[in-house]
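J.: Below are the C-alpha cells for one structure; questions will follow.
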Amino acid sequence: MGIRVGWRSRFILALSVGVFAGSTPSVAQGNVVKYQGTIHNVKYVYATAEPVARLKPGDILDTNTLDCFGDAIRKPGDTLSMAPGDNPLTGPFYVEGAEPGDTLAVKILSLEVNGDQGVGALGPGFGALNATNYTPMLHAPLPEKIWFYPIDHATNTATFKALDSKFEVKIPVHPFFGCIGVAPAGGEARSSIVPAEFGGNMDAPEASVGNTVYFPVNVKGGLLYLGDGHAAMGDGEVAGAAIEVPLRARVQVDVIKGHKINWPRFENDTAIMAVGAYRPVDDALRIAFTELVGWIQEDYGLSQLDAYELLGKVARIRLAEMVDPNYVVVASIEKKYLPAKKK
C-alpha cells in the first residue's frame, strides 16, 4: 500500500527461489521453516537488523504478514490514526551463504488472504489525485475515508460497497505482496513506505504466486522482509491503497552465487520483468528498461541495440504505483519473443 498512515493487510505468501533460466525453476523439497509475525515483532524499516529466523538455500518459509494498518482497522468508526505504524514488515530472514555480489531468489509458492475482509482508504495528503507534500495545492486535502471489502473465499472475490450509494460490485482476488525486499546497502535504514533498488514497497502485482523475485544481496544473509498484503489493486494504486489484507504465505529461497544485479527482477515460465523505482516516473521507466536490455544481453545473447529495438515493439509496461516517495514501473517481455537462453 502507498498511504503513509500504516495500513497494509496481512496475507499468506509462499516464495520459492530459483535461478535465472529460460523458465522459472520447479519447487524443490526443502526444509520448512515456520514463523509467526505479530504486532510485537514487526519492523518498519528495511535495514541490517538481527534476523528473526535463518534459512538455508532451498528452505521453504511458512509465515504470515500483518496488513499495512497493523490489523488495527476492523470496523466502521475505526480511523487511520489507530494504525501503530506504516506497512509493518515480517522479518528479516537470514539466508545462509548470501553475500554482497550474489542474487537472492524468492519464488512465491502460495498466498492466501488471512481473514474475511480487506480495507481500502483515502488519507489526507496522499494519493495521485490529492494534494501532497510533493504536489501542493491551494484546495483542502481530501477527507479521510475507509471502505471495508468482504472477502468471499469460495468465489475468490472481494466486494466493493459504495459509501454514498447502494452500488456494489465484486472484484477478483489476486493476492500479492505490496512490500517485499532486502536490507539496503551501506548500512542504510529505509522506511517501509519506500520502494527502491532493494525492493521494498513496490506494490507490484507481479509479487504473486508463480513468480520468482530476484534481489541484489547487499549484506550478509540478504535479510528478506515481507509485508503489506494486497487482495487486489488497480494499476498505479492511484487512491493510495489496495484492498489491504493480512496474508498467510509460503516461499522458498535460494542464492545465485557471484551473479550481481542492480534492481529487483521478476520471472515466470512465460516472461521476464525488470523493476525501476524513482521520481519522476520517466526515470523509473528508464531504469526498468535499461535493466531489461542488460538482462536480455547477458542471458539471451542479443546486442544492446537489438534488444532495445525488440523491446520497442513487444515490451509491456505496468505502472505499479505512483503514490509513494518513488514511483514504480515494471517493464516486461514475453520469452516467446527471445532467443533460446544462453547455457
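To be explicit about the labels: the chains of the C-alpha cells are called A, B, and onward in the order shown, and within each one the residues are counted from 1, while ligands get numbers from 1 in the order they are shown.
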Would you mind listing, for every residue of stretch 238-311 of chain A within 12 Å of stretch 57-67 of chain A, the two atoms forming the shortest contact and the distance between them in Å to one decimal, using only C-alpha atoms, sorted by chain and ascending residue number, as CSV?

T.:
residue,atom,partner,partner_atom,distance
A:Ala241,CA,A:Asp67,CA,11.2
A:Ala242,CA,A:Asp67,CA,10.7
A:Ile243,CA,A:Asp67,CA,9.8
A:Glu244,CA,A:Asp67,CA,6.1
A:Val245,CA,A:Asp67,CA,5.1
A:Pro246,CA,A:Asp67,CA,4.5
A:Leu247,CA,A:Thr65,CA,5.3
A:Arg248,CA,A:Asn64,CA,4.3
A:Ala249,CA,A:Thr63,CA,5.4
A:Arg250,CA,A:Asp62,CA,4.4
A:Val251,CA,A:Leu61,CA,5.0
A:Gln252,CA,A:Ile60,CA,4.1
A:Val253,CA,A:Gly58,CA,5.5
A:Asp254,CA,A:Pro57,CA,4.3
A:Val255,CA,A:Pro57,CA,6.2
A:Ile256,CA,A:Pro57,CA,9.5
A:Lys257,CA,A:Pro57,CA,11.1

J.: Neighbouring residues of A:Arg190 were defined as those with any atom within 7 Å, considering only C-alpha atoms; residues of the same chain fewer than 6 positions away were excluded. Please report them as a list in words.

T.: Val45, Tyr46 and Ala47 of chain A

J.: Go ahead and dump the residues you just picked, N, CA and C atoms, as an mmCIF file, in the first residue's frame.

T.:
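Saved the output as result24.cif:
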data_model
loop_
_atom_site.group_PDB
_atom_site.id
_atom_site.type_symbol
_atom_site.label_atom_id
_atom_site.label_comp_id
_atom_site.auth_asym_id
_atom_site.auth_seq_id
_atom_site.Cartn_x
_atom_site.Cartn_y
_atom_site.Cartn_z
ATOM 1 N N VAL A 45 11.235 -0.625 9.009
ATOM 2 C CA VAL A 45 12.289 -0.194 8.096
ATOM 3 C C VAL A 45 12.967 -1.428 7.501
ATOM 4 N N TYR A 46 13.512 -1.236 6.283
ATOM 5 C CA TYR A 46 14.421 -2.219 5.704
ATOM 6 C C TYR A 46 15.812 -1.826 6.168
ATOM 7 N N ALA A 47 16.472 -2.719 6.898
ATOM 8 C CA ALA A 47 17.754 -2.358 7.494
ATOM 9 C C ALA A 47 18.515 -3.617 7.863
#

J.: Per residue of stretch 212-313 of chain A within 8 Å of stretch 334-339 of chain A, record the nearest atom pair and its distance in Å to one decimal, counting only C-alpha atoms, with rows in chain order and ascending residue number, as a tab-separated table.

T.:
residue	atom	partner	partner_atom	distance
A:Thr270	CA	A:Lys335	CA	5.4
A:Ala271	CA	A:Glu334	CA	4.2
A:Ile272	CA	A:Glu334	CA	6.6
A:Tyr300	CA	A:Pro339	CA	5.9
A:Gly301	CA	A:Pro339	CA	7.6
A:Leu302	CA	A:Pro339	CA	8.0

J.: Save the residues we just selected, C-alpha atoms, as a PDB file, in the first residue's frame?

T.:
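New file part.pdb:
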ATOM      1  CA  THR A 270       6.481 -17.032 -19.875  1.00  0.00           C
ATOM      2  CA  ALA A 271       8.114 -13.648 -19.183  1.00  0.00           C
ATOM      3  CA  ILE A 272      10.990 -11.703 -17.645  1.00  0.00           C
ATOM      4  CA  TYR A 300      19.812 -14.281 -24.219  1.00  0.00           C
ATOM      5  CA  GLY A 301      22.725 -13.015 -26.275  1.00  0.00           C
ATOM      6  CA  LEU A 302      21.164 -10.144 -28.207  1.00  0.00           C
TER       7      LEU A 302
END

J.: What's around A:Thr212 at 6 Å? Count only C-alpha atoms, leave out sequence neighbours fewer than 3 positions away in its own chain, and write the answer as a list of chain:residue names.

T.: A:Val106, A:Lys107, A:Phe266, A:Glu267

J.: Run DSSP on the backbone and grab whatever in stretch 265-295 of chain A lands in helix (DSSP H, G or I); send it over as a ChimeraX atom specification.

T.: /A:281-295

J.: Neighbours of A:Ala183 within 7 Å (only C-alpha atoms; same-chain residues fewer than 2 positions away dropped), as a PyMOL selection string?

T.: chain A and resi 46-48+185+198+218-219+222-224

J.: At a cut-off of 10 Å, using only C-alpha atoms, what residues contact A:Leu305? Leave out same-chain residues fewer than 6 positions from it and give the result as number ranges by chain.

T.: A: 293, 297, 311

J.: Excluding same-chain residues fewer than 4 positions from stretch 234-238 of chain A, what lies within 8 Å of it counting only C-alpha atoms, as a VMD selection string?

T.: chain A and resid 1 to 2 127 to 129 203 242 318 to 323
